[in-house]
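Below is one structure, written out as structure tokens, with a few remarks after it.
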Amino acid sequence: MSHGVVQEMVATALLGALNDAKKKGRLKTETWPALTLDAPKRPEWGELATTIAMSLAPSEEKNPHEIAEIIAEHLTETEQLFERVEIVRPGFLNLTIKPTLWHEVLREIDARGDAYGKADVGRGHRVIVEYVSANPTGPLHVGHGRGAAVGQAVARLLEAVGYDVTSEYYINDAGRQMKLLGASVYARYRELCGQPAEFPEEGYHGAYIGDVARRLKHKLDDETGSSDPAEIEARCRALAYGELLELIREDLASFGIEFQSWFSEESLLKSGAVEQALDDLQARGLLFEQEGALWFRSTTFGDEKDRVVKKQDGEYTYLASDIAYHRDKLRRGYDLLVDVWGADHHGYIPRMEAVMQAYGHPKERLRVVLVQLVKLLRAGVEVKMSKRTGSFVTMREVIDEVGADAAKFFFLMRDSRTHLDFDLELAKQRSADNPVYYVQYAHARIASLWRTAASRGIECPRPKETDIAPLTDPDELGLIRKLSVYPDILQTSASTFEPHRVTYYLQQLAALLHTFYNKHRILPPAGGQEHDEAGSAEELTPKRTAARLALMRGVQQVIRNGLTVLGISAPEQM
RNA sequence: GCGCCCGUAGCUCAGUUGGAUAGAGCGCCGGGCUUCGAACCCGUAGGUCGCAGGUUCAAUUCCUGCCGGGCGCACCA
């Protein structure tokens with residue numbers, strides 16, 4: 001399914017031809033298969049191609065070539081739409097479009113502006129995208145950075161195609177991790193006070209723990225409060241939690257990411273939501289007791305084994321609060337729940353899908369986007385990280401070193417399910433090797449065109465006020481064709497939850513722009529001297545300049561729209 | 001052992017949900033700025049798409065089985 005203006009007009013014409021042919025008894029298929037229009041790989045195959053004749057072959061009981069001929073015969077609007085209609089080998093229908101029709105793309109971009117490419121397939125359905133959701137037990141690291149970039153991009157993509165999107169951070173502020181955090185800070189605190197301290201076995205070793213302890217000591221020194229160890233440890237935990245959550249917020253903010261909602265796990269426990277969620281499952285006959293523990297019968301819905309929700313010691317498992325959390329999201333009325341997880345959690349998918357079904361929803365209502373690990377390199381050499389010793393590279397360090405735009409672009413360059421090599425040296429290079437600058441440069445280059453034009457008193461009218469008929473050069477039409485496909489890219493990217501498609505597209509578009517820019521002149525040379533030299537120097541009339549400026553406006557708009565959806569800035573100059 | 005993900009140029013990866021002679025960047029080699037931004041462009045080389053079957057008019061794409069790598073299989077989170 002295509003969504004460009006031109007593609008839609010062509011699809012309509014083709015559909016008309018099919019129906020017309022059927023009316024005349026030349027075709028007999030009951031319902032037409034999906035009509036796809038692709039950009040062929042080779043220029044001699046036209047500009048748009050459809051394989052419809054081939055997919056009709058079985059139901060028509062004819063050979064595809066013959067079917068293609070029938071379709072072509074019934075294509076009544078040939079004169080207005082097509083330069084050429086060709087049938088090739090098995091049954092490809094290769095179409096070459098009239099340049100004037102392609103010009104509609106520029107008018108469409110101009111008319112829609114920042115909204116060009118957006119759609120309404122979501123029809124206002126509500127979706128909640130939950131991402132990052134790191135424990136507030138330390139600063140965010142690179143892996144979280146990738147999750148953040150992917151989550152934000154997915155949220156924006158869904159928004160762009162018409163969903164009503166809420167982004168949420170789930171704070172794991174209950175349970176063992178928090179206790180360990182408190183105990184770790186407490187141990188450091190005692191050390192500072194010169195008291196014997198036992199550092200918890202699996203405690204947090206990062207230097208930030210000591211920092212929190214130091215600040216707590218300052219605070220406590222000014223007070224004459226209780227010296228009860230349990231109380232002090234509790235304060236350690238509370239202070240550490242507060243500071244670390246704030247740190248996470250700040251880090252995300254400087255990465256250009258803000259959540260509409262922060263949801264606390266502990267609030268679920270305190271409000272009794274966890275109990276209610278389990279009661280609800282109990283009422284549905286999906287809980288049972290065994291060996292002193294309470295189990296969720298997730299195998300009913302295809303999970304490979306049943307899962308404990310309440311342990312022998314009476315504590316809830318992590319799954320219990322996750323059940324309550326997802327139930328809460330459903331009760332808040334979201335039609336679609338998107339969870340962005342580290343790929344190492346993929347084993348959780350079946351049990352969460354079971355939760356969906358347990359509450360009477362199709363499992364498709366939950367969509368998990370997996371994000372693989374980032375392998376950090378510096379000039380080709382791996383930067384080793386170890387969580388145990390606390391020697392990992394933080395997201396903050398990466399942003400400070402390479403910048404938020406570059407970091408995001410790299411995080412979004414590859415399918416999120418695959419391992420990512422992230423070379424810090426490459427990411428901060430301001431060179432051709434760096435794809436971020438490559439794309440941004442294309443945008444800035446066009447911006448500088450406006451500045452130059454203004455300084456020379458050349459007008460840059462809107463495409464709708466411009467005669468863009470002079471755009472007939474293959475390079476010009478190639479650029480427009482690329483622009484025409486952006487709505488499709490956006491929609492496929494959104495429906496597959498794969499932002500890297502947009503990143504990749506932008507690189508291709510930028511490449512076409514740079515090639516064009518290098519090969520063709522847009523503004524007349526400065527000083528207005530007669531244009532030069534031998535050969536095929538094309539004549540640069542004011543009309544042509546105006547038409548090309550209109551084209552440039554379209555390219556710039558689409559680059560900006562694409563970067564925006566990825567959460568990356570589109571600079572006017574660099 | 002079971003499950004999920006990945007295997008495409010020397011390296012890092014795309015591949016439009018099954019289409020035509022499989023693409024890009026990096027790297028190597030060689031070219032291009034007195035004119036709109038050279039953070040750019042142009043050219044050459046590089047492939048049994050992990051292997052073997054199957055479905056199909058058509059398979060890198062779907063199915064099965066192997067091989068190789070990663071991850072997961074807790075009354076941890």
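Letters A, B, ... mark the chains of the structure tokens in the order given; residue numbers begin at 1 per chain; ligand numbers begin at 1, in order shown.
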
* Asked: Among region 258-413 of chain A, which ones does DSSP place in strand (DSSP E or B), written as an MDAnalysis selection string?
  -> chainID A and resid 261:264 287:290 293:296 307:310 316 336:342 366:371 374:378 381:382 386 391 394

What are the closest atom pairs, with distances in Å to one decimal, for all residues of chain A lying within 7 Å of chain B? Consider only C-alpha atoms (C1' of nucleotides), order rows by chain and residue number, and present the result as CSV.
residue,atom,partner,partner_atom,distance
A:Ala293,CA,B:C75,C1',6.8
A:Val308,CA,B:C75,C1',6.3
A:Lys311,CA,B:C75,C1',4.6
A:Gln312,CA,B:C75,C1',6.2
A:Tyr318,CA,B:A77,C1',6.7
A:Asp344,CA,B:C71,C1',5.5
A:His346,CA,B:C4,C1',6.8
A:Gly347,CA,B:G72,C1',5.3
A:Thr418,CA,B:C6,C1',6.9
A:Arg430,CA,B:A39,C1',5.8
A:Ser431,CA,B:A39,C1',4.8
A:Ala432,CA,B:A39,C1',5.9
A:Tyr437,CA,B:A39,C1',6.4
A:Tyr438,CA,B:A39,C1',7.0
A:Tyr441,CA,B:A39,C1',6.7
A:Arg445,CA,B:G37,C1',6.0
A:Leu449,CA,B:C36,C1',6.1
A:Thr452,CA,B:C36,C1',6.9
A:His514,CA,B:C40,C1',6.5
A:Thr515,CA,B:C41,C1',6.1
A:Asn518,CA,B:C41,C1',5.8
A:Arg521,CA,B:C36,C1',6.9
A:Ile522,CA,B:C36,C1',6.4
A:Leu523,CA,B:C36,C1',5.5
A:Pro525,CA,B:U35,C1',4.9
A:Ala526,CA,B:U35,C1',6.1

* Asked: Can you list, as JSON, numbers by chain, every protein, DNA or RNA residue that comes within 7 Å of region 44-49 of chain B when you count only C-alpha atoms (C1' of nucleotides), leaving out same-chain residues fewer than 2 positions away?
  -> {"B": [8, 9, 60]}

How would the residues just picked look written out with N, CA and C atoms (P, O5', C5', C4', C3', O3' and C1' of nucleotides) as a compact mmCIF listing (two decimals), in the first residue's frame?
# COMPACT_ATOMS: atom_id res chain seq x y z
P U B 8 26.60 -12.03 7.79
O5' U B 8 25.80 -11.92 6.42
C5' U B 8 26.04 -12.84 5.37
C4' U B 8 25.70 -12.22 4.03
C3' U B 8 26.50 -10.98 3.68
O3' U B 8 27.76 -11.30 3.14
C1' U B 8 24.22 -10.54 3.31
P A B 9 29.03 -10.57 3.69
O5' A B 9 30.08 -10.68 2.50
C5' A B 9 29.80 -10.12 1.24
C4' A B 9 31.07 -9.59 0.61
C3' A B 9 32.06 -8.94 1.59
O3' A B 9 33.38 -9.05 1.08
C1' A B 9 31.20 -7.31 0.13
P U B 60 17.15 -15.94 -3.22
O5' U B 60 17.80 -15.14 -2.01
C5' U B 60 18.46 -15.83 -0.97
C4' U B 60 18.42 -15.03 0.31
C3' U B 60 17.05 -14.95 0.96
O3' U B 60 16.82 -16.07 1.79
C1' U B 60 18.04 -12.79 0.86

* Have a look at B:G1, B:C29, B:G18, B:U56 and name the one nearest to G43 (chain B); count only C-alpha atoms (C1' of nucleotides). =>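 Checking each candidate against G43 (chain B), we get B:C29 as the closest.
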
* **Long-range neighbours of region 75-78 of chain A as a count of residues only, 8 Å cut-off, only C-alpha atoms (C1' of nucleotides), 4 positions minimum in chain** => 7

* Asked: So what do you get for CA of Pro461 (chain A) versus CA of Arg112 (chain A), distance-wise?
  ->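 Pair CA of Pro461 (chain A) / CA of Arg112 (chain A) returns 16.1 Å.
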
Contacts of region 471-486 of chain A at 7 Å or less, counting only C-alpha atoms (C1' of nucleotides), minus same-chain residues fewer than 4 places along, as a compact mmCIF listing (two decimals) with N, CA, C and O atoms, in the first residue's frame?
# COMPACT_ATOMS: atom_id res chain seq x y z
N GLY A 4 1.93 7.98 -1.07
CA GLY A 4 2.32 9.24 -1.69
C GLY A 4 1.17 9.73 -2.57
O GLY A 4 0.34 8.94 -3.00
N PRO A 99 6.20 14.14 -15.77
CA PRO A 99 6.86 15.03 -14.80
C PRO A 99 5.88 15.94 -14.07
O PRO A 99 5.99 16.15 -12.88
N TRP A 102 4.52 14.40 -11.03
CA TRP A 102 5.47 14.37 -9.91
C TRP A 102 5.49 15.72 -9.17
O TRP A 102 5.74 15.79 -7.98
N VAL A 105 3.90 16.32 -5.85
CA VAL A 105 4.56 15.97 -4.59
C VAL A 105 5.06 17.23 -3.89
O VAL A 105 4.86 17.41 -2.68
N GLY A 117 3.78 13.62 5.41
CA GLY A 117 4.17 12.26 5.77
C GLY A 117 3.30 11.68 6.87
O GLY A 117 3.21 10.48 7.03
N LEU A 490 7.49 6.38 6.64
CA LEU A 490 7.01 6.73 7.98
C LEU A 490 6.00 5.69 8.48
O LEU A 490 6.06 5.23 9.62
N LEU A 509 18.25 10.11 1.17
CA LEU A 509 17.77 11.39 0.65
C LEU A 509 18.90 12.42 0.66
O LEU A 509 19.09 13.16 -0.30
N LEU A 512 21.24 11.91 -2.23
CA LEU A 512 20.72 12.44 -3.49
C LEU A 512 20.86 13.96 -3.54
O LEU A 512 21.19 14.52 -4.58
N PHE A 516 23.06 16.04 -6.20
CA PHE A 516 22.39 17.06 -7.01
C PHE A 516 23.07 18.42 -6.85
O PHE A 516 23.38 19.10 -7.82
N ALA A 547 12.25 27.16 -9.86
CA ALA A 547 11.75 25.79 -9.77
C ALA A 547 12.65 24.95 -8.87
O ALA A 547 12.18 24.16 -8.03
N VAL A 555 12.87 19.25 -0.24
CA VAL A 555 13.89 18.36 0.33
C VAL A 555 14.16 18.76 1.78
O VAL A 555 14.21 17.92 2.68
N VAL A 558 11.36 17.70 4.15
CA VAL A 558 11.30 16.27 4.46
C VAL A 558 12.45 15.85 5.38
O VAL A 558 12.27 15.06 6.31
